[in-house]
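Q: Sharing target03.txt below, compact mmCIF, C-alpha atoms and all ligand atoms:
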# COMPACT_ATOMS: atom_id res chain seq x y z
CA MET A 3 88.66 53.42 50.55
CA GLY A 4 85.09 52.73 51.52
CA LYS A 5 83.44 49.33 51.32
CA LYS A 6 81.06 48.77 48.43
CA VAL A 7 77.85 47.01 49.39
CA THR A 8 74.63 46.41 47.52
CA ILE A 9 71.32 46.60 49.38
CA ASN A 10 68.18 45.57 47.51
CA GLY A 11 69.99 46.15 44.22
CA THR A 12 71.37 49.61 45.00
CA GLN A 13 75.08 50.09 45.61
CA PHE A 14 76.35 52.08 48.61
CA THR A 15 79.82 53.07 49.75
CA VAL A 16 80.34 52.60 53.46
CA GLU A 17 83.04 54.35 55.47
CA GLY A 18 84.26 53.03 58.83
CA ASP A 19 82.91 50.16 60.89
CA ARG A 20 79.18 49.94 60.41
CA THR A 21 76.65 47.16 60.86
CA ILE A 22 74.25 46.21 58.11
CA LEU A 23 71.45 47.80 60.13
CA ASP A 24 73.41 51.06 60.50
CA VAL A 25 73.91 51.27 56.74
CA CYS A 26 70.27 50.43 56.01
CA ARG A 27 69.02 53.12 58.38
CA GLU A 28 71.45 55.72 57.11
CA SER A 29 70.31 54.93 53.58
CA GLY A 30 66.63 55.18 54.41
CA ILE A 31 66.00 51.42 54.11
CA ARG A 32 63.67 50.20 56.82
CA VAL A 33 64.49 47.00 58.70
CA PRO A 34 62.15 46.03 61.56
CA THR A 35 63.70 45.80 65.03
CA LEU A 36 62.57 45.22 68.58
CA CYS A 37 65.68 44.74 70.71
CA HIS A 38 67.71 47.46 69.01
CA ASP A 39 68.26 50.94 70.44
CA GLU A 40 70.91 53.15 68.87
CA ARG A 41 72.04 54.17 72.33
CA LEU A 42 73.00 50.58 73.14
CA GLU A 43 75.47 47.95 72.00
CA PRO A 44 73.90 45.56 69.43
CA TYR A 45 72.21 42.61 71.13
CA GLY A 46 70.83 40.31 68.47
CA GLY A 47 68.02 38.98 70.63
CA CYS A 48 64.72 39.48 68.82
CA ARG A 49 65.71 38.27 65.31
CA LEU A 50 63.33 40.72 63.67
CA CYS A 51 66.17 42.46 61.83
CA LEU A 52 67.19 39.39 59.83
CA VAL A 53 68.49 40.01 56.31
CA GLU A 54 69.75 37.74 53.56
CA VAL A 55 73.33 38.05 52.32
CA LYS A 56 74.30 36.47 49.00
CA GLY A 57 76.63 33.51 49.48
CA ILE A 58 75.69 32.99 53.15
CA PRO A 59 73.29 30.07 53.59
CA ARG A 60 71.35 31.46 56.56
CA PRO A 61 69.83 34.87 57.33
CA LEU A 62 71.89 37.17 59.53
CA ALA A 63 70.86 39.59 62.27
CA SER A 64 71.61 42.93 60.63
CA CYS A 65 72.05 44.69 63.97
CA THR A 66 75.08 42.59 64.94
CA THR A 67 76.64 41.90 61.52
CA PRO A 68 79.37 44.28 60.30
CA VAL A 69 79.23 45.17 56.62
CA GLN A 70 81.99 43.74 54.49
CA ASP A 71 83.19 44.86 51.11
CA GLY A 72 81.20 43.27 48.29
CA MET A 73 78.21 42.19 50.39
CA GLU A 74 74.93 41.83 48.50
CA ILE A 75 72.13 42.26 51.00
CA ILE A 76 68.39 41.67 50.70
CA THR A 77 66.15 43.17 53.40
CA GLU A 78 62.74 41.96 52.15
CA SER A 79 61.85 38.49 50.84
CA GLU A 80 59.28 35.76 51.40
CA THR A 81 61.74 33.87 53.60
CA LEU A 82 62.44 36.93 55.76
CA THR A 83 58.73 37.68 56.13
CA ARG A 84 58.10 34.08 57.21
CA LEU A 85 60.91 34.20 59.76
CA ARG A 86 59.81 37.55 61.15
CA LYS A 87 56.24 36.25 61.47
CA MET A 88 57.60 33.24 63.35
CA SER A 89 59.57 35.43 65.78
CA LEU A 90 56.57 37.67 66.38
CA SER A 91 54.28 34.67 66.89
CA LEU A 92 56.63 33.29 69.53
CA ILE A 93 56.93 36.65 71.29
CA LEU A 94 53.15 37.15 71.24
CA SER A 95 52.45 33.62 72.49
CA ASN A 96 53.34 34.84 75.97
CA HIS A 97 51.90 38.31 75.75
CA PRO A 98 48.63 39.59 77.25
CA ASN A 99 47.55 41.28 73.97
CA ASP A 100 45.35 43.64 75.98
CA CYS A 101 45.99 46.55 73.67
CA MET A 102 42.53 48.03 74.35
CA CYS A 103 43.56 49.15 77.82
CA CYS A 104 47.34 49.14 77.49
CA GLU A 105 48.99 52.43 78.36
CA GLU A 106 51.37 52.06 75.43
CA ALA A 107 48.81 51.35 72.70
CA GLY A 108 49.59 53.55 69.72
CA ALA A 109 53.23 53.87 70.70
CA CYS A 110 54.08 50.16 71.06
CA ALA A 111 56.67 48.75 68.66
CA LEU A 112 55.36 45.20 69.17
CA GLN A 113 51.78 46.25 68.38
CA GLU A 114 52.99 48.01 65.22
CA LEU A 115 54.93 44.99 63.98
CA ALA A 116 52.15 42.53 64.84
CA TYR A 117 49.81 44.66 62.72
CA GLU A 118 52.32 45.02 59.90
CA TYR A 119 53.03 41.28 59.74
CA ASP A 120 49.45 40.24 60.52
CA VAL A 121 50.40 38.10 63.50
CA ASP A 122 48.56 37.43 66.74
CA GLY A 123 49.33 35.30 69.76
CA ARG A 124 47.15 32.30 68.88
CA ARG A 125 49.60 30.22 66.85
CA PHE A 126 51.66 29.05 69.83
CA ALA A 127 49.09 29.76 72.54
CA GLY A 128 50.13 28.11 75.79
CA GLU A 129 51.23 28.97 79.27
CA VAL A 130 51.42 32.72 79.90
CA TRP A 131 52.67 34.86 82.74
CA ASP A 132 50.06 36.08 85.19
CA LEU A 133 52.11 38.35 87.39
CA PRO A 134 50.85 41.36 89.36
CA VAL A 135 51.43 44.91 88.13
CA ARG A 136 54.21 46.52 90.15
CA GLU A 137 53.70 50.09 91.33
CA ASP A 138 56.15 50.03 94.20
CA ASN A 139 57.72 53.42 93.46
CA PRO A 140 56.40 56.88 92.50
CA PHE A 141 57.70 57.00 88.92
CA ILE A 142 57.69 53.70 87.05
CA THR A 143 54.94 51.14 86.57
CA TYR A 144 56.19 47.66 85.73
CA GLU A 145 53.89 45.13 84.08
CA PRO A 146 56.08 42.00 83.78
CA ASN A 147 53.40 40.18 81.76
CA LYS A 148 54.12 42.56 78.87
CA CYS A 149 57.89 42.07 78.88
CA ILE A 150 59.36 40.49 75.74
CA LEU A 151 62.85 39.99 77.25
CA CYS A 152 64.59 42.22 74.75
CA ALA A 153 66.79 43.38 77.67
CA ARG A 154 66.76 46.98 76.47
CA CYS A 155 65.86 48.16 79.98
CA THR A 156 68.63 46.23 81.71
CA ARG A 157 71.18 47.15 79.06
CA ILE A 158 70.43 50.87 79.18
CA CYS A 159 70.64 50.75 82.97
CA GLN A 160 74.09 49.15 82.68
CA GLU A 161 75.58 50.64 79.53
CA VAL A 162 74.26 54.21 79.63
CA VAL A 163 73.17 55.01 83.19
CA MET A 164 75.73 52.61 84.73
CA ALA A 165 73.43 52.16 87.71
CA ASP A 166 72.91 48.37 87.41
CA THR A 167 69.54 48.71 89.10
CA ILE A 168 67.90 45.96 87.09
CA GLU A 169 69.17 42.75 85.54
CA LEU A 170 67.61 39.73 83.85
CA THR A 171 66.73 37.65 86.89
CA GLY A 172 65.54 34.04 87.11
CA ARG A 173 65.97 31.29 84.56
CA GLY A 174 63.98 29.89 81.63
CA PHE A 175 60.28 30.75 81.66
CA ASN A 176 60.73 32.70 84.91
CA THR A 177 63.31 35.09 83.47
CA MET A 178 62.37 38.74 83.88
CA PRO A 179 64.09 42.09 84.32
CA ASP A 180 64.07 43.02 87.97
CA THR A 181 66.06 44.38 90.88
CA ALA A 182 68.26 42.22 93.07
CA TYR A 183 66.04 39.75 94.94
CA ARG A 184 63.11 41.30 93.03
CA GLY A 185 62.62 43.96 95.67
CA PRO A 186 61.05 47.37 95.07
CA ARG A 187 62.92 50.19 93.41
CA THR A 188 63.99 52.81 95.93
CA LEU A 189 66.27 55.83 95.83
CA GLU A 190 68.97 53.55 97.25
CA ASN A 191 68.98 51.22 94.24
CA CYS A 192 67.50 53.29 91.38
CA GLU A 193 68.15 56.74 89.95
CA PHE A 194 64.58 56.97 88.61
CA CYS A 195 65.91 58.48 85.41
CA GLY A 196 63.26 56.57 83.45
CA GLN A 197 65.80 55.47 80.86
CA CYS A 198 64.37 51.95 81.07
CA VAL A 199 60.92 53.37 80.31
CA SER A 200 62.26 55.33 77.36
CA THR A 201 63.70 52.25 75.69
CA CYS A 202 60.97 49.69 76.47
CA PRO A 203 59.33 48.73 73.15
CA THR A 204 56.10 47.54 74.80
CA GLY A 205 53.90 48.59 77.72
CA ALA A 206 55.99 46.66 80.27
CA LEU A 207 57.61 49.80 81.67
CA THR A 208 55.61 53.02 81.61
CA ASP A 209 55.70 56.41 83.31
CA ARG A 210 53.40 56.19 86.30
CA LYS A 211 52.65 59.90 86.45
CA GLY A 212 51.36 59.96 82.87
CA ARG A 213 49.26 56.79 83.03
CA GLY A 214 45.65 57.13 81.99
CA LYS A 215 46.17 60.75 80.96
CA GLY A 216 45.97 60.20 77.21
CA ARG A 217 47.01 57.98 74.30
CA ALA A 218 50.36 58.81 72.72
CA PRO A 219 48.94 59.72 69.27
CA ARG A 220 46.51 62.17 70.88
CA MET A 221 49.24 64.11 72.66
CA LYS A 222 50.64 67.29 71.24
CA LYS A 223 54.42 66.92 71.36
CA VAL A 224 56.28 70.15 72.09
CA LYS A 225 60.04 70.00 71.74
CA THR A 226 61.85 71.97 74.41
CA THR A 227 65.14 72.31 76.28
CA CYS A 228 65.43 71.21 79.89
CA SER A 229 65.85 74.14 82.27
CA TYR A 230 67.32 72.28 85.22
CA CYS A 231 71.01 72.60 84.29
CA GLY A 232 73.30 73.89 81.57
CA THR A 233 73.66 70.61 79.66
CA GLY A 234 70.83 71.59 77.35
CA CYS A 235 69.04 68.25 76.98
CA ASN A 236 66.08 68.25 74.62
CA PHE A 237 62.83 66.37 75.14
CA PHE A 238 59.18 66.46 74.20
CA LEU A 239 56.53 67.81 76.52
CA ASN A 240 53.42 65.69 75.91
CA VAL A 241 50.50 68.10 76.17
CA LYS A 242 46.85 67.12 76.48
CA ASP A 243 44.07 69.69 76.88
CA GLY A 244 46.62 72.39 77.62
CA ARG A 245 48.37 70.44 80.39
CA VAL A 246 51.77 68.77 80.38
CA VAL A 247 51.08 65.13 81.29
CA LYS A 248 54.33 63.42 80.36
CA VAL A 249 57.88 63.91 79.09
CA THR A 250 59.20 61.68 76.31
CA SER A 251 62.63 61.35 74.76
CA ASP A 252 63.89 63.17 71.71
CA TYR A 253 66.20 60.55 70.21
CA ASP A 254 67.55 62.98 67.60
CA ALA A 255 68.64 65.53 70.20
CA PRO A 256 72.35 66.17 69.57
CA VAL A 257 73.17 66.76 73.24
CA ASN A 258 71.41 63.87 74.96
CA ARG A 259 70.18 61.46 72.21
CA GLY A 260 67.01 60.67 74.13
CA ASN A 261 68.73 60.23 77.50
CA LEU A 262 67.41 62.14 80.49
CA CYS A 263 67.87 62.29 84.25
CA ILE A 264 65.15 62.17 86.89
CA LYS A 265 64.70 65.95 86.86
CA GLY A 266 64.31 66.25 83.11
CA ARG A 267 61.94 63.31 82.79
CA TYR A 268 59.82 63.59 85.91
CA GLY A 269 60.35 67.08 87.33
CA TYR A 270 57.56 68.87 85.46
CA ASP A 271 54.93 69.22 88.22
CA PHE A 272 55.95 72.84 88.85
CA ILE A 273 54.51 73.83 85.45
CA HIS A 274 50.94 73.64 86.73
CA SER A 275 51.68 74.37 90.40
CA ASP A 276 49.22 76.73 92.10
CA GLU A 277 52.17 78.28 93.91
CA ARG A 278 53.83 79.37 90.71
CA ILE A 279 54.33 83.14 90.33
CA LYS A 280 52.50 84.13 87.16
CA THR A 281 52.53 87.93 87.41
CA PRO A 282 55.30 90.37 88.34
CA LEU A 283 55.46 91.39 92.00
CA ILE A 284 56.55 94.82 93.25
CA LYS A 285 57.46 95.48 96.85
CA LYS A 286 55.30 98.25 98.31
CA ASP A 287 55.43 99.16 101.99
CA GLY A 288 57.51 96.05 102.67
CA LYS A 289 55.06 93.67 100.95
CA PHE A 290 55.01 92.15 97.49
CA VAL A 291 51.95 93.12 95.48
CA GLU A 292 50.93 92.02 92.01
CA ALA A 293 51.75 94.39 89.16
CA THR A 294 51.42 94.56 85.39
CA TRP A 295 54.42 93.88 83.16
CA ASP A 296 54.44 97.55 82.11
CA GLU A 297 54.60 98.67 85.75
CA ALA A 298 57.34 96.19 86.63
CA LEU A 299 59.50 96.85 83.58
CA GLY A 300 59.03 100.62 83.99
CA LEU A 301 60.18 100.42 87.59
CA VAL A 302 63.26 98.35 86.69
CA ALA A 303 64.16 100.70 83.82
CA ASN A 304 63.82 103.77 86.05
CA ARG A 305 65.93 102.28 88.82
CA PHE A 306 68.68 101.26 86.38
CA THR A 307 68.65 104.75 84.84
CA GLU A 308 68.97 106.34 88.29
CA LEU A 309 71.84 104.04 89.26
CA ILE A 310 73.72 104.58 86.00
CA GLN A 311 73.33 108.35 86.26
CA LYS A 312 74.53 108.34 89.85
CA TYR A 313 77.37 105.78 89.68
CA GLY A 314 78.11 105.24 85.96
CA PRO A 315 77.53 102.15 83.77
CA ASP A 316 80.71 100.43 85.00
CA LYS A 317 79.05 99.91 88.35
CA VAL A 318 76.39 97.72 86.76
CA GLY A 319 76.92 94.11 85.70
CA GLY A 320 74.88 91.14 84.56
CA PHE A 321 75.14 87.56 85.81
CA SER A 322 73.28 84.95 83.81
CA SER A 323 72.59 81.34 84.61
CA SER A 324 73.64 78.05 83.09
CA ARG A 325 69.99 77.09 83.48
CA CYS A 326 69.18 79.53 80.68
CA THR A 327 69.46 78.67 77.01
CA ASN A 328 72.36 80.01 74.94
CA GLU A 329 69.96 82.47 73.35
CA GLU A 330 68.86 83.83 76.73
CA ASN A 331 72.46 84.17 77.90
CA TYR A 332 73.33 85.94 74.67
CA LEU A 333 70.42 88.35 75.11
CA LEU A 334 71.49 89.21 78.64
CA ALA A 335 75.06 89.91 77.48
CA LYS A 336 73.76 92.05 74.65
CA TRP A 337 71.44 93.98 76.94
CA VAL A 338 74.21 94.71 79.48
CA ARG A 339 76.64 95.80 76.76
CA CYS A 340 74.26 97.74 74.51
CA ALA A 341 71.55 99.06 76.83
CA ILE A 342 73.58 99.58 80.01
CA GLY A 343 76.92 100.30 78.34
CA SER A 344 78.95 97.99 80.57
CA ASN A 345 81.17 95.02 79.82
CA ASN A 346 80.59 93.45 83.22
CA VAL A 347 79.01 90.23 82.02
CA ASP A 348 79.44 86.81 83.58
CA ASN A 349 77.85 83.40 83.89
CA CYS A 350 77.84 80.96 86.77
CA ALA A 351 79.17 78.22 84.46
CA ARG A 352 82.35 80.17 83.57
CA VAL A 353 85.10 78.44 85.50
FE1 LIG A 401 68.56 42.70 65.60
FE2 LIG A 401 66.70 42.44 67.54
S1 LIG A 401 67.14 44.14 66.32
S2 LIG A 401 68.03 40.94 66.69
As a first step, turn the structure in this file into structure tokens.
A:
Amino acid sequence: MGKKVTINGTQFTVEGDRTILDVCRESGIRVPTLCHDERLEPYGGCRLCLVEVKGIPRPLASCTTPVQDGMEIITESETLTRLRKMSLSLILSNHPNDCMCCEEAGACALQELAYEYDVDGRRFAGEVWDLPVREDNPFITYEPNKCILCARCTRICQEVVMADTIELTGRGFNTMPDTAYRGPRTLENCEFCGQCVSTCPTGALTDRKGRGKGRAPRMKKVKTTCSYCGTGCNFFLNVKDGRVVKVTSDYDAPVNRGNLCIKGRYGYDFIHSDERIKTPLIKKDGKFVEATWDEALGLVANRFTELIQKYGPDKVGGFSSSRCTNEENYLLAKWVRCAIGSNNVDNCARV
């Protein structure tokens, strides 16, 4: 028997163990969040997701509160707006607010919420961080002044990547996510998967290779499948003026839910490499020379025909790669079976 809960006057039946935030999102009811990432355990740090529950005298963080049978939940009220404004004002009091030149402008969750709740950093203006920008590795730029201490970066590094590269270091005002002893990231202590970048809700952690190459809303996002291994992770190629300038996560991807490794996230330079082979090559007199597709395909077809006539179709087989998509592997199998007439089909991932 599911639990019956009412959200903003509408009744829902909830199966299994769900938080209030889970149920709201699954029901299409928006609740603002900053420290929440569906890939991570609930944290309850930012207090943006507060909701009111009838009979409970204080608002509750919806991301950490399990739904209970009979709950009557309110997600929008004057009190909640006031509390969310307060939280945002406190977060922004120690924030550079340099959105004009921030790499993340247009894709920043904090900027969006500040606009929505009409909050700036002046209410509690006081001491602010003035720390240098860290570019001590080839992939990730770290601007500690923009960190809001939501701990999404450190949690994803621990809970998902299990690399423990970064942790909340220091105490009080000096707390910040960093490596042990605040040293640079290197291949010895970091996988450079960019998971921390993918979850950062502000411009504190950004992809170094894509910096200055275009605002997020101006990028054309092309969904694709990673070709580095057979896992089949999805992501978005961010394309500007016909060039791939960044890779961003596809959080709805069923295989990887926005998670990527270093190759998927940062290994895209080959796309525009001058050394890339763009036309077919045919060996003539011991040397490869450029050819048209018609020439190349004609040559391959003729050679296969000769071989099949001489040795029979059983002497021909097709090996496909786990780097290919399922559709490509299927096409190869179909071609070998239907065009060649052989059942010798295999794949390097078949073990
Ligand atoms: Fe619930 Fe941050 S999203 S406290």
Q: Considering only C-alpha atoms and all ligand atoms, give me a table of residues in chain A that are at most 6 Å from ligand LIG 401 (chain A), with the closest atom pair and distance in Å for each, as a Markdown table.
A:
| residue | atom | partner | partner_atom | distance |
| --- | --- | --- | --- | --- |
| A:Thr35 | CA | A:LIG401 | S1 | 4.0 |
| A:Leu36 | CA | A:LIG401 | FE2 | 5.1 |
| A:Cys37 | CA | A:LIG401 | FE2 | 4.0 |
| A:His38 | CA | A:LIG401 | S1 | 4.3 |
| A:Gly46 | CA | A:LIG401 | S2 | 3.4 |
| A:Gly47 | CA | A:LIG401 | S2 | 4.4 |
| A:Cys48 | CA | A:LIG401 | FE2 | 3.8 |
| A:Arg49 | CA | A:LIG401 | S2 | 3.8 |
| A:Leu50 | CA | A:LIG401 | FE2 | 5.4 |
| A:Cys51 | CA | A:LIG401 | FE1 | 4.5 |
| A:Ala63 | CA | A:LIG401 | FE1 | 5.1 |
| A:Ser64 | CA | A:LIG401 | FE1 | 5.8 |
| A:Cys65 | CA | A:LIG401 | FE1 | 4.3 |
Q: Find the spatial neighbours of A:Met221, counting only C-alpha atoms, within a cut-off of 8 Å - ignore same-chain residues fewer than 5 positions away - and output them as a list in words.
A: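 The filter keeps Gly216, Asn240, Val241 and Lys242 of chain A.
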Q: May I have the residues within 9 Å of stretch 191-207 of chain A as JSON, numbers by chain, using only C-alpha atoms and disregarding those fewer than 6 positions away in the same chain?
A: {"A": [36, 37, 39, 104, 105, 106, 107, 109, 110, 111, 112, 113, 141, 142, 143, 144, 145, 146, 147, 148, 149, 150, 152, 153, 154, 155, 156, 157, 158, 159, 162, 163, 165, 166, 167, 168, 181, 250, 251, 260, 261, 262, 263, 264, 265, 266, 267, 268]}
Q: Find the residue from A:Ile93, A:Ala341, A:Ala298, A:Ala127 that sits nearest to A:Pro315; use only C-alpha atoms when measuring.
A: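 Of A:Ile93, A:Ala341, A:Ala298, A:Ala127, the one nearest A:Pro315 is A:Ala341, counting only C-alpha atoms.
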Q: Excluding same-chain residues fewer than 5 positions from stretch 312-314 of chain A, what lies within 12 Å of it counting only C-alpha atoms, as a list of chain:residue names?
A: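 So, after excluding close chain neighbours, the residues are A:Arg305, A:Phe306, A:Thr307, A:Gly319, A:Ile342, A:Gly343, A:Ser344.
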Q: Anything within 7 Å of (52.4, 95.2, 90.5): list those residues as a ChimeraX atom specification, counting only C-alpha atoms and sticking to the file's coordinates.
A: /A:282-284,291-294,297-298
Q: Between A:Val121, A:Gly214, A:Phe14, A:Arg259, single out the one closest to A:Val247, counting only C-alpha atoms.
A: A:Gly214
Q: Residues near A:Trp131, anyone? I mean within 9 Å using only C-alpha atoms, not counting same-chain ones fewer than 2 positions away, as a compact mmCIF listing (two decimals) with C-alpha atoms, keeping the file's coordinate frame.
A:
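The resulting file, selection36.txt, is reproduced below:
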# COMPACT_ATOMS: atom_id res chain seq x y z
CA ASN A 96 53.34 34.84 75.97
CA HIS A 97 51.90 38.31 75.75
CA PRO A 98 48.63 39.59 77.25
CA GLU A 129 51.23 28.97 79.27
CA LEU A 133 52.11 38.35 87.39
CA PRO A 146 56.08 42.00 83.78
CA ASN A 147 53.40 40.18 81.76
CA LYS A 148 54.12 42.56 78.87
CA PHE A 175 60.28 30.75 81.66
CA ASN A 176 60.73 32.70 84.91
Q: Which value, in Å to one decimal, gives the distance between atom CA of A:Phe321 and atom CA of A:Asp348?
A: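 Between atom CA of A:Phe321 and atom CA of A:Asp348 the gap is 4.9 Å.
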Q: Could you name the residues that touch A:Ser91 at 9 Å or less, counting only C-alpha atoms, but leaving out those on the same chain fewer than 6 positions away, as a list in words?
A: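 The filter keeps Ala116, Val121, Asp122, Gly123, Arg124, Arg125 and Phe126 of chain A.
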Q: State, in Å with one decimal place, the distance from atom CA of A:Arg278 to atom CA of A:Arg210.
A: 23.6 Å
Q: I'd like the interatomic distance between atom CA of A:Ser324 and atom CA of A:Lys222, to a tenth of an Å.
A: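 Atom-to-atom, atom CA of A:Ser324 to atom CA of A:Lys222, that is 28.0 Å.
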Q: Within 6 Å of (61.0, 65.1, 71.2) (file coordinates; only C-alpha atoms), which protein or nucleic acid residues are there? I'd like them as a PyMOL selection string.
A: chain A and resi 225+237-238+251-252
Q: Would you please work out which residue, of A:Arg339, A:His274, A:Arg184, A:Lys248, is nearest to A:Asp316 when using only C-alpha atoms?
A: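 Comparing A:Arg339, A:His274, A:Arg184, A:Lys248 against A:Asp316, the winner is A:Arg339.
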